[in-house]
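Q: Pasting a structure below so you can have a look.
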Amino acid sequence: MSASAAVAVHSLWTTAAEPAAADRIGAPAIEYAQLAPTLIVVGAAVVGVLLEAFVPRRARYHAQMFLTVVALAAAFAAVVALAAGGHATTKAGIVAMGAIAVDGPALFLQGTILLTSLVAVFTFAERRLDPAHHGHRVDSFAAEAAAVPGSEQEKAAVKAGFTTTEVFPLVLFAVGGMLVFPAANDLLTLFIALEVFSLPLYLLCAVARRKRLMSQEAAVKYFLLGAFSSAFLLFGVALMYGYAGSVSYARIADVVDGSVSDITPALAQTMGNDVLLLIGFAMVLMGLLFKVGAVPFHMWTPDVYQGAPTPVTGFMAAATKVAAFGAMLRLLYVVLPGLRWDWRPVMWGVAIVTMLAGAIVAITQTDIKRLLAYSSIAHAGFILAGVIAATPDGVSSVLFYLGAYSFVTVGAFAVVTLVRDAGGEATHLSKWAGLGRRSPLVAAVFAVFLLAFAGIPLTSGFTGKFAVFKAAAEGGAGALVVIGVISSAIAAFFYIRVIVLMFFSEPKPEGPTVAVPSPLTMTTIAVGVAVTLALGVAPQYFLDLAGQAGVFVR
């Protein structure tokens, strides 16, 4: 072939391979500044994995602890900076090519998740509660997570003073997923965020140092049931995509309302098929109700709360609820306001059953962690009352309740880690008898948290319940409020029962001791008490903040 012919062929070849300008895939436009909180946390998690690989074992604990605290604090500072820059109000918008919403509710919930996680991480790092093994301080996590419980390998790991410092990057990955979950603006981002925060939690539940078999059983239950709920959510996403021809929240909302302009023949066929929409929406909602622990999707909660290491239980109980309720609010208020008459009756039923079942079954519990698990189920019902209000006040009351509840929960589980006997934590209620005489300060602090859970005035729990019930009543759900008040009264019985047990029972001679924690756990408990009392005594600033943050961008 002559040189000129070769050039001609080559020019034909290159021109044919070049796509038309309209067919080219454009480079994504990513607003890094608005995504800074999530990017900081996920970046730190990746660095944490590298620390595990390259830092000597004896230096990992301090390196991971420092990295985790700095990352969470920096991410919180980024959230505050975004809110101060008007991204919660006037500059609210959709970023990352339509995948993430940066608005008031997203920033408020992200700030709550980051602060709660920062306080909870201090309990992960606590190393003074158990006596030292072979001269090494130990924490709540298995010496070597891969070792079979009771095996020679595990004994050797304990003797060598190994620690599972991988829990810190796992926490950061979980927090990264939780930050995206309430801010997701399309169904695929929602699903990916769900998996990103669920998988680390399954692992964290399995690595308790004591009662390892119970811990592993809890993790397997959580994983299997979580996999089912994820599958339901994914089926729901597929059906809603089939209905609207898009996974974007705004697009689905337009199709539901009938306000979409560019109707293709294919879309015209599926738009008339409400079965796709209703079944799809029900399945997505099922996945979210599983995460908040609402009845009848609550069966994992008591077993997992009891079996997981207590620092993990506190972190999971607080942060997961915040993220899941945030995602639920966005789905119901942004995507499906046109289906309000369809979803409100269903949510009424779920809220009523959740409130009553959580409160009634909690009365029969003899383990403090299981009691707090059923308490959290009842609280999910109270928060659902605010969701059902379907008004701006409903959104702001739910945001406030989530912020208040998360700090009470982390503080309460931090106190549970202190009461110990020869087998580790003494979680059986009978062991807590007379605790007020043996350790008045610890019992008094726990009593404050229990009174907040019960919704007694001058605690954050009262303000949160009042705000949620007021919003529900104004939203036309007065009957729900009556049932909520009855459930609160039932729940108050078992909270007060624990307080009576601590202060008015004789301590048993062979009863547990209260370990003296390091400043880390003391900080967690002190912050919990301070926030509980501050939100109870002077809540107006925070209620206003939640009110300003209560507007979703679409």
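By order of appearance in the structure tokens: chains A, B, ..., then residues from 1 within every chain, and ligands from 1 in the order shown.
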With only C-alpha atoms counted and 9 Å as the cut-off, give the residues of region 415-473 of chain A in contact with region 122-129 of chain A, each with its shortest interatomic distance in Å and the pair that gives it, as a tab-separated table.

A:
```
residue	atom	partner	partner_atom	distance
A:Thr417	CA	A:Leu129	CA	7.9
A:Leu418	CA	A:Leu129	CA	6.9
A:Arg420	CA	A:Leu129	CA	8.3
```

Q: Would you list, as a PyMOL selection string, the residues of region 361-489 of chain A that end up in helix (DSSP H, G or I) under DSSP run on this structure's backbone?

A: chain A and resi 361-363+368-388+392-416+429-432+435-438+440-454+460-474+478-489

Q: I want to know what sits within 9 Å of region 151-162 of chain A, based on only C-alpha atoms, with residues of the same chain fewer than 3 positions away left out; could you give that as a list in words?

A: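 Contacts, with the query itself left out: Arg57, Arg58, His133, His134, Gly135, His136, Arg137, Val138, Ala142, Ala143, Glu144, Ala145, Ala146, Ala147, Val148 and Thr165 of chain A.
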
Q: Which residues are close to Lys465 (chain A), i.e. within 9 Å by only C-alpha atoms, leaving aside same-chain residues fewer than 6 positions away? Reply as JSON, numbers by chain.

A: {"A": [382, 383, 397, 401, 455]}

Q: Got time to write the residues from that selection, all heavy atoms, as a PDB file, in the first residue's frame?

A:
```pdb
ATOM      1  N   PHE A 382     -42.400   6.952  68.080  1.00  0.00           N
ATOM      2  CA  PHE A 382     -42.653   8.371  68.397  1.00  0.00           C
ATOM      3  C   PHE A 382     -42.167   9.270  67.255  1.00  0.00           C
ATOM      4  O   PHE A 382     -42.832  10.239  66.878  1.00  0.00           O
ATOM      5  CB  PHE A 382     -41.958   8.773  69.700  1.00  0.00           C
ATOM      6  CG  PHE A 382     -42.407   7.990  70.911  1.00  0.00           C
ATOM      7  CD1 PHE A 382     -41.498   7.584  71.883  1.00  0.00           C
ATOM      8  CD2 PHE A 382     -43.737   7.630  71.081  1.00  0.00           C
ATOM      9  CE1 PHE A 382     -41.906   6.855  72.995  1.00  0.00           C
ATOM     10  CE2 PHE A 382     -44.161   6.902  72.185  1.00  0.00           C
ATOM     11  CZ  PHE A 382     -43.246   6.510  73.148  1.00  0.00           C
ATOM     12  N   ILE A 383     -41.001   8.936  66.698  1.00  0.00           N
ATOM     13  CA  ILE A 383     -40.450   9.766  65.613  1.00  0.00           C
ATOM     14  C   ILE A 383     -41.336   9.645  64.370  1.00  0.00           C
ATOM     15  O   ILE A 383     -41.556  10.625  63.655  1.00  0.00           O
ATOM     16  CB  ILE A 383     -38.987   9.365  65.299  1.00  0.00           C
ATOM     17  CG1 ILE A 383     -38.104   9.552  66.536  1.00  0.00           C
ATOM     18  CG2 ILE A 383     -38.425  10.205  64.153  1.00  0.00           C
ATOM     19  CD1 ILE A 383     -36.708   8.971  66.421  1.00  0.00           C
ATOM     20  N   SER A 397     -39.515  18.976  63.808  1.00  0.00           N
ATOM     21  CA  SER A 397     -39.630  18.247  65.080  1.00  0.00           C
ATOM     22  C   SER A 397     -38.869  16.926  65.019  1.00  0.00           C
ATOM     23  O   SER A 397     -38.228  16.526  65.997  1.00  0.00           O
ATOM     24  CB  SER A 397     -41.102  18.005  65.429  1.00  0.00           C
ATOM     25  OG  SER A 397     -41.684  17.077  64.533  1.00  0.00           O
ATOM     26  N   TYR A 401     -35.788  15.852  67.424  1.00  0.00           N
ATOM     27  CA  TYR A 401     -35.892  14.605  68.196  1.00  0.00           C
ATOM     28  C   TYR A 401     -34.679  13.718  67.930  1.00  0.00           C
ATOM     29  O   TYR A 401     -34.105  13.125  68.861  1.00  0.00           O
ATOM     30  CB  TYR A 401     -37.179  13.885  67.810  1.00  0.00           C
ATOM     31  CG  TYR A 401     -37.665  12.857  68.823  1.00  0.00           C
ATOM     32  CD1 TYR A 401     -38.914  12.970  69.396  1.00  0.00           C
ATOM     33  CD2 TYR A 401     -36.887  11.763  69.175  1.00  0.00           C
ATOM     34  CE1 TYR A 401     -39.384  12.029  70.311  1.00  0.00           C
ATOM     35  CE2 TYR A 401     -37.331  10.826  70.088  1.00  0.00           C
ATOM     36  CZ  TYR A 401     -38.583  10.961  70.663  1.00  0.00           C
ATOM     37  OH  TYR A 401     -39.020  10.036  71.566  1.00  0.00           O
ATOM     38  N   GLY A 455     -39.188  10.915  78.743  1.00  0.00           N
ATOM     39  CA  GLY A 455     -39.823  12.169  78.338  1.00  0.00           C
ATOM     40  C   GLY A 455     -40.270  13.006  79.524  1.00  0.00           C
ATOM     41  O   GLY A 455     -41.296  13.683  79.482  1.00  0.00           O
TER      42      GLY A 455
END
```

Q: Between CA of Tyr241 (chain A) and CA of Phe325 (chain A), what is the distance in Å, rounded to a tenth?

A: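 So the answer is 22.3 Å.
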
Q: Of the candidates A:Val69, A:Met97, A:Val196, A:Ile377, which shows the shortest atom-to-atom distance to Gly177 (chain A), using only C-alpha atoms?

A: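 Closest to Gly177 (chain A), using only C-alpha atoms: A:Val196.
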
Q: For region 41-94 of chain A against region 105-117 of chain A, with a cut-off of 9 Å and counting only C-alpha atoms, what is the closest atom pair and its distance in Å to one decimal for every residue that makes the cut, ordered by chain and number, as a tab-separated table?

A:
```
residue	atom	partner	partner_atom	distance
A:Leu72	CA	A:Leu114	CA	6.0
A:Ala73	CA	A:Leu114	CA	7.6
A:Ala75	CA	A:Leu114	CA	7.3
A:Phe76	CA	A:Gly111	CA	5.8
A:Ala77	CA	A:Gly111	CA	8.8
A:Val79	CA	A:Leu107	CA	6.2
A:Val80	CA	A:Gly111	CA	7.6
A:Leu82	CA	A:Leu107	CA	7.9
A:Ala83	CA	A:Leu107	CA	6.9
A:His87	CA	A:Leu107	CA	8.4
A:Ala88	CA	A:Leu107	CA	6.6
```

Q: Given the selection you just returned, output its residues as a file containing N, CA and C atoms, formatted as an mmCIF file, in the first residue's frame.

A:
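This went into selection_30.cif:
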```cif
data_model
loop_
_atom_site.group_PDB
_atom_site.id
_atom_site.type_symbol
_atom_site.label_atom_id
_atom_site.label_comp_id
_atom_site.auth_asym_id
_atom_site.auth_seq_id
_atom_site.Cartn_x
_atom_site.Cartn_y
_atom_site.Cartn_z
ATOM 1 N N LEU A 72 -13.371 13.320 61.938
ATOM 2 C CA LEU A 72 -14.767 13.617 62.299
ATOM 3 C C LEU A 72 -14.927 15.086 62.684
ATOM 4 N N ALA A 73 -13.938 15.626 63.404
ATOM 5 C CA ALA A 73 -14.007 17.049 63.789
ATOM 6 C C ALA A 73 -13.911 17.940 62.550
ATOM 7 N N ALA A 75 -14.710 17.144 59.456
ATOM 8 C CA ALA A 75 -15.942 17.002 58.665
ATOM 9 C C ALA A 75 -17.065 17.825 59.287
ATOM 10 N N PHE A 76 -17.135 17.840 60.627
ATOM 11 C CA PHE A 76 -18.168 18.656 61.289
ATOM 12 C C PHE A 76 -17.928 20.141 61.022
ATOM 13 N N ALA A 77 -16.653 20.551 61.061
ATOM 14 C CA ALA A 77 -16.326 21.954 60.754
ATOM 15 C C ALA A 77 -16.748 22.292 59.321
ATOM 16 N N VAL A 79 -19.264 20.927 57.678
ATOM 17 C CA VAL A 79 -20.733 21.058 57.684
ATOM 18 C C VAL A 79 -21.135 22.440 58.190
ATOM 19 N N VAL A 80 -20.501 22.871 59.281
ATOM 20 C CA VAL A 80 -20.811 24.201 59.854
ATOM 21 C C VAL A 80 -20.482 25.296 58.837
ATOM 22 N N LEU A 82 -20.441 25.046 55.552
ATOM 23 C CA LEU A 82 -21.448 25.021 54.483
ATOM 24 C C LEU A 82 -22.744 25.686 54.944
ATOM 25 N N ALA A 83 -23.162 25.372 56.178
ATOM 26 C CA ALA A 83 -24.400 25.971 56.700
ATOM 27 C C ALA A 83 -24.241 27.483 56.843
ATOM 28 N N HIS A 87 -25.656 27.330 52.440
ATOM 29 C CA HIS A 87 -26.048 26.127 51.679
ATOM 30 C C HIS A 87 -27.232 25.406 52.310
ATOM 31 N N ALA A 88 -27.584 25.779 53.548
ATOM 32 C CA ALA A 88 -28.761 25.170 54.174
ATOM 33 C C ALA A 88 -30.037 25.905 53.778
#
```

Q: Which of these residues is nearest to Val47 (chain A), using only C-alpha atoms: A:Leu458, A:Tyr222, A:Thr68, A:Thr532?

A: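 Smallest distance to Val47 (chain A) is found for A:Thr68.
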
Q: Please compute the CA of Pro519 (chain A)-CA of Ala412 (chain A) distance, one decimal, in Å.

A: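 For CA of Pro519 (chain A) relative to CA of Ala412 (chain A), the distance reads 16.4 Å.
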
Q: Using only C-alpha atoms, which of the listed residues (A:Thr264, A:Phe400, A:Ile192, A:Lys291) sits closest to Gln548 (chain A)?

A: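 So, comparing all the options, the nearest one is A:Phe400.
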
Q: Give me the residues near Val295 (chain A) as a list in words, where near means some atom within 7 Å (using only C-alpha atoms) and where sequence neighbours in that chain fewer than 6 positions away do not count.

A: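 Everything that qualifies: Val350, Val353 and Thr354 of chain A.
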
Q: Just list as a PyMOL selection string whatever in region 71-261 of chain A DSSP marks as strand (DSSP E).

A: chain A and resi 93-95+100-102

Q: Pull N, CA, C and O atoms from the residues just selected and write them as a tab-separated table (two decimals), in the first residue's frame.

A:
```tsv
chain	number	residue	atom	x	y	z
A	93	GLY	N	-28.89	23.26	47.05
A	93	GLY	CA	-28.96	22.77	45.66
A	93	GLY	C	-28.60	21.31	45.55
A	93	GLY	O	-28.27	20.65	46.53
A	94	ILE	N	-28.66	20.82	44.31
A	94	ILE	CA	-28.32	19.43	44.02
A	94	ILE	C	-26.92	19.41	43.42
A	94	ILE	O	-26.64	20.16	42.49
A	95	VAL	N	-26.04	18.55	43.94
A	95	VAL	CA	-24.65	18.51	43.46
A	95	VAL	C	-24.33	17.09	42.98
A	95	VAL	O	-25.17	16.20	43.01
A	100	ILE	N	-26.60	14.01	44.90
A	100	ILE	CA	-26.60	14.40	46.32
A	100	ILE	C	-27.30	15.75	46.48
A	100	ILE	O	-27.05	16.67	45.69
A	101	ALA	N	-28.14	15.87	47.51
A	101	ALA	CA	-28.76	17.16	47.83
A	101	ALA	C	-27.98	17.80	48.98
A	101	ALA	O	-27.65	17.13	49.96
A	102	VAL	N	-27.66	19.08	48.82
A	102	VAL	CA	-27.04	19.84	49.93
A	102	VAL	C	-28.05	20.89	50.35
A	102	VAL	O	-28.21	21.91	49.69
```

Q: Write out as a list in words the residues lying within 10 Å of Asp254 (chain A), counting only C-alpha atoms and excluding same-chain residues fewer than 3 positions away.

A: Ala244, Tyr249, Ala250, Arg251, Asp257, Gly258, Ser259, Val260, Ser261, Val335, Leu336 and Gly338 of chain A

Q: Distance CA of Phe469 (chain A)-CA of Val500 (chain A), one decimal place?

A: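 These two atoms are separated by 28.1 Å.
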
Q: Contacts of Val527 (chain A) at 8 Å or less, counting only C-alpha atoms, minus same-chain residues fewer than 2 places along, as a PyMOL selection string?

A: chain A and resi 119+407+411+523-525+529-531
